[in-house]
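Shown below: target38.cif, with mmCIF, C-alpha atoms.
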data_run
loop_
_atom_site.label_atom_id
_atom_site.label_comp_id
_atom_site.auth_asym_id
_atom_site.auth_seq_id
_atom_site.Cartn_x
_atom_site.Cartn_y
_atom_site.Cartn_z
CA MET T 1 18.60 -13.24 25.10
CA ASN T 2 17.64 -16.29 23.04
CA GLN T 3 16.60 -16.48 19.38
CA GLN T 4 12.87 -16.41 20.19
CA ASP T 5 13.28 -13.19 22.22
CA LEU T 6 15.16 -11.60 19.32
CA GLU T 7 12.37 -12.49 16.88
CA VAL T 8 9.68 -11.04 19.18
CA ASN T 9 11.57 -7.74 19.39
CA ARG T 10 11.91 -7.44 15.60
CA GLN T 11 9.27 -6.71 13.02
CA GLN T 12 9.25 -6.57 9.23
CA TYR T 13 8.27 -3.38 7.41
CA LEU T 14 7.53 -2.84 3.74
CA THR T 15 9.32 0.33 2.67
CA PHE T 16 8.10 2.57 -0.12
CA LEU T 17 8.69 6.01 -1.59
CA LEU T 18 6.44 9.03 -1.73
CA ARG T 19 8.31 11.65 -3.72
CA ASP T 20 11.85 11.25 -2.41
CA GLU T 21 10.91 10.31 1.14
CA CYS T 22 11.03 6.75 2.45
CA PHE T 23 8.18 5.35 4.53
CA GLY T 24 7.52 1.97 6.05
CA ILE T 25 4.44 0.05 7.10
CA SER T 26 4.19 -3.19 9.05
CA ILE T 27 4.20 -6.16 6.72
CA ASP T 28 1.42 -7.59 8.91
CA THR T 29 -1.06 -5.14 7.36
CA VAL T 30 0.07 -5.72 3.75
CA ARG T 31 -1.93 -8.23 1.74
CA GLU T 32 -0.26 -7.69 -1.63
CA ILE T 33 1.23 -5.17 -4.03
CA ILE T 34 -0.35 -4.63 -7.43
CA GLU T 35 0.41 -2.60 -10.52
CA TYR T 36 -1.29 0.78 -10.69
CA GLY T 37 -4.14 0.38 -13.14
CA GLN T 38 -7.39 1.95 -14.18
CA LEU T 39 -9.40 3.38 -11.29
CA THR T 40 -13.09 4.20 -11.27
CA THR T 41 -13.65 7.58 -9.64
CA VAL T 42 -16.40 7.95 -7.06
CA PRO T 43 -18.09 11.36 -6.80
CA LEU T 44 -18.09 13.35 -3.55
CA MET T 45 -15.08 11.57 -2.04
CA PRO T 46 -12.29 13.39 -0.17
CA ASP T 47 -9.31 14.55 -2.26
CA PHE T 48 -7.11 11.72 -1.04
CA VAL T 49 -9.50 9.05 -2.39
CA LYS T 50 -8.39 8.29 -5.96
CA GLY T 51 -11.26 5.90 -6.69
CA VAL T 52 -12.01 2.20 -6.51
CA ILE T 53 -10.67 -0.91 -8.20
CA ASN T 54 -12.14 -4.33 -8.78
CA LEU T 55 -9.73 -6.73 -7.11
CA ARG T 56 -10.82 -10.24 -8.02
CA GLY T 57 -14.48 -9.36 -7.54
CA ASP T 58 -14.04 -7.15 -4.47
CA ILE T 59 -14.49 -3.40 -4.71
CA VAL T 60 -11.49 -1.79 -3.02
CA PRO T 61 -11.14 1.95 -2.33
CA VAL T 62 -7.74 3.38 -3.30
CA ILE T 63 -6.22 6.39 -1.57
CA ASP T 64 -3.39 8.62 -2.74
CA LEU T 65 -1.15 8.17 0.30
CA SER T 66 0.83 11.27 -0.62
CA VAL T 67 -2.28 13.48 -0.44
CA ARG T 68 -3.45 11.72 2.72
CA LEU T 69 -0.16 12.64 4.37
CA GLY T 70 -0.51 16.30 3.38
CA ARG T 71 1.63 16.31 0.27
CA SER T 72 0.89 16.91 -3.39
CA THR T 73 -0.77 14.25 -5.52
CA LEU T 74 1.29 11.39 -6.91
CA GLU T 75 2.67 11.69 -10.40
CA LEU T 76 1.99 8.42 -12.19
CA LYS T 77 5.24 6.81 -13.25
CA LYS T 78 6.41 3.40 -14.38
CA ARG T 79 6.96 2.16 -10.80
CA THR T 80 3.78 3.64 -9.28
CA CYS T 81 1.86 0.84 -7.57
CA ILE T 82 -0.90 0.11 -5.09
CA ILE T 83 -0.23 -1.51 -1.74
CA ILE T 84 -3.28 -3.52 -0.71
CA LEU T 85 -3.68 -3.18 3.07
CA GLU T 86 -5.87 -5.06 5.51
CA VAL T 87 -6.99 -2.71 8.28
CA PRO T 88 -8.96 -3.84 11.37
CA PHE T 89 -12.47 -2.41 11.44
CA GLU T 90 -15.42 -3.52 13.57
CA GLY T 91 -13.92 -6.94 14.24
CA GLN T 92 -13.12 -7.60 10.58
CA LEU T 93 -10.36 -6.75 8.15
CA ALA T 94 -11.24 -3.99 5.70
CA VAL T 95 -9.25 -3.92 2.46
CA ILE T 96 -7.86 -0.56 1.29
CA GLY T 97 -5.45 0.27 -1.53
CA ALA T 98 -2.72 2.87 -1.01
CA ALA T 99 -1.11 4.34 -4.13
CA VAL T 100 2.63 5.03 -3.73
CA ASP T 101 5.47 6.10 -6.04
CA SER T 102 7.31 2.81 -5.68
CA VAL T 103 7.94 -0.07 -3.30
CA SER T 104 11.51 -0.48 -2.08
CA GLU T 105 12.17 -3.50 0.13
CA VAL T 106 11.18 -5.35 3.29
CA LEU T 107 13.30 -4.41 6.29
CA GLU T 108 13.53 -6.24 9.59
CA ILE T 109 13.66 -3.61 12.31
CA GLY T 110 14.22 -4.10 16.02
CA LYS T 111 11.94 -2.28 18.44
CA ASP T 112 15.05 -0.71 19.99
CA GLN T 113 15.92 0.90 16.62
CA ILE T 114 12.64 2.81 16.41
CA GLU T 115 12.82 6.37 17.70
CA ALA T 116 9.78 8.33 18.82
CA PRO T 117 8.25 10.59 16.20
CA PRO T 118 9.47 14.19 16.36
CA SER T 119 7.28 16.38 18.55
CA PHE T 120 7.84 19.51 16.49
CA GLY T 121 8.57 20.33 12.89
CA ALA T 122 6.92 17.15 11.62
CA ARG T 123 5.15 17.63 8.31
CA LEU T 124 2.95 14.61 8.96
CA LYS T 125 0.03 14.27 11.30
CA ALA T 126 1.49 12.79 14.50
CA GLN T 127 -1.20 10.13 14.85
CA PHE T 128 -0.04 8.54 11.57
CA ILE T 129 3.57 8.08 12.71
CA GLN T 130 4.66 5.03 14.67
CA GLY T 131 8.27 6.19 14.77
CA VAL T 132 11.39 6.93 12.80
CA VAL T 133 14.34 4.65 12.14
CA ASN T 134 17.78 5.50 10.75
CA ILE T 135 18.86 2.96 8.13
CA GLU T 136 22.19 3.48 6.37
CA GLN T 137 22.27 7.26 6.91
CA SER T 138 18.66 7.69 5.76
CA PHE T 139 15.51 8.06 7.79
CA VAL T 140 12.49 5.82 7.28
CA VAL T 141 9.21 7.12 8.70
CA LEU T 142 7.18 4.18 10.01
CA LEU T 143 3.43 4.63 9.64
CA HIS T 144 0.54 3.19 11.64
CA GLY T 145 -1.34 1.30 8.94
CA ASP T 146 -4.58 1.36 10.89
CA LYS T 147 -4.36 5.09 11.60
CA VAL T 148 -3.59 6.46 8.16
CA LEU T 149 -7.37 6.41 7.80
CA SER T 150 -9.56 7.30 10.74
CA ILE T 151 -12.30 4.84 11.64
CA GLU T 152 -14.96 7.37 10.59
CA GLU T 153 -13.35 7.88 7.19
CA LEU T 154 -12.85 4.15 6.75
CA ALA T 155 -16.53 3.48 7.55
CA SER T 156 -17.55 6.21 5.11
CA LEU T 157 -15.36 4.80 2.35
CA ILE T 158 -16.57 1.26 2.85
CA GLU T 159 -20.22 2.35 2.94
CA ASN T 160 -19.86 4.46 -0.20
CA VAL T 161 -18.30 1.69 -2.29
CA LYS T 162 -20.54 -1.20 -1.26
CA PRO T 163 -22.32 -2.53 -4.34
CA GLN T 164 -26.06 -1.89 -4.36
CA LYS T 165 -28.17 -5.04 -4.26
CA GLY T 166 -29.95 -5.85 -7.48
CA ARG T 167 -28.24 -3.18 -9.54
CA GLY T 168 -25.65 -5.53 -11.05
CA GLU T 169 -23.19 -2.74 -11.71
CA ASN T 170 -19.59 -3.60 -12.44
CA VAL T 171 -16.82 -1.37 -11.26
#

Render the structure in this file as structure tokens.
Amino acid sequence: MNQQDLEVNRQQYLTFLLRDECFGISIDTVREIIEYGQLTTVPLMPDFVKGVINLRGDIVPVIDLSVRLGRSTLELKKRTCIIILEVPFEGQLAVIGAAVDSVSEVLEIGKDQIEAPPSFGARLKAQFIQGVVNIEQSFVVLLHGDKVLSIEELASLIENVKPQKGRGENV
């Protein structure tokens, strides 16, 4: 196997913590990581939607990834941050923020290292899990960035945070 084949079979994942559990998401979906700041809440949103932020003029919905994955809400700490993700939607890239406890590191993981998600006993919705990898005696749960939100929910979020023409409101 040559160097090019090795690179094709490996992918980089941004790892982060939710509580004491380590998760990873493909670096291909990550636009940037920002400090957790002031959010504007939006009424009538699902529990996992924390609010919206103004990211250089763009209104970006922010989800509490812990709640989205069926856990309790994040406790804001010094290292709490927002991972800005680009998720494919209707032929475009939609921008979503995911609040996490902290970001750890970028790991390069071979496809052969990724084990199938457990079929029983998993505390996460199976459609969110790409697989599990064992790194230095610890498990990292790899998430499908484009499936953490369903298309219907994503469309709803985007529609609800679009600025209204002529209103001139700042978020």

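Considering the residues T:Val30, T:Val62, T:Leu39, T:Ile114 and counting all atoms listed in the file, Gly145 in chain T has its shortest atom-to-atom contact with T:Val30.
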
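The nearest approach to Lys147 in chain T among the residues T:Ser72, T:Thr40, T:Thr15, T:Thr29, with all atoms listed in the file taken into account, belongs to T:Thr29.
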
Of the candidates T:Asp58, T:Glu136, T:Asp20, T:Asp47, which shows the shortest atom-to-atom distance to Ile84 in chain T, using only C-alpha atoms? T:Asp58

Spell out the residues picked by the PyMOL selection byres ((chain T and resi 86-101) around 9) here, as an NGL selection string. :T and (16-20 or 28-31 or 33 or 36 or 50 or 52-53 or 59-66 or 74-85 or 102-103 or 145-147 or 151 or 154-155 or 158)

Do you have the CA of Thr41 in chain T-CA of Thr73 in chain T distance handy? 15.1 Å

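When all atoms listed in the file are used to compute distances to Ile135 in chain T, the closest of the residues T:Pro118, T:Cys22, T:Val148, T:Val67 turns out to be T:Cys22.
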
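Take the candidates T:Gly51, T:Gln12, T:Arg71, T:Gly24 and check each one against Leu143 in chain T using only C-alpha atoms; the shortest distance goes to T:Gly24.
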
Please report the interatomic distance between CA of Gln137 in chain T and CA of Arg68 in chain T in Å with one decimal. 26.4 Å

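In this model, the gap between CA of Phe139 in chain T and CA of Leu69 in chain T comes to 16.7 Å.
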
Enclosing box along x, y and z for every listed atom of range 64-74 of chain T, padded 5 Å each side, centre and size in Å, one decimal, as lines of an AutoDock Vina configuration file:
center_x = -0.9
center_y = 12.5
center_z = -1.3
size_x = 15.1
size_y = 18.7
size_z = 21.3

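Those residues returned by the PyMOL selection byres ((chain T and resi 107) around 7) for this file are Gln12, Tyr13, Leu14, Glu105, Val106, Glu108 and Ile109 of chain T.
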
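Against this structure, the PyMOL selection byres ((chain T and resi 110) around 6) ends up with Asn9, Arg10, Ile109, Lys111, Asp112 and Gln113 of chain T.
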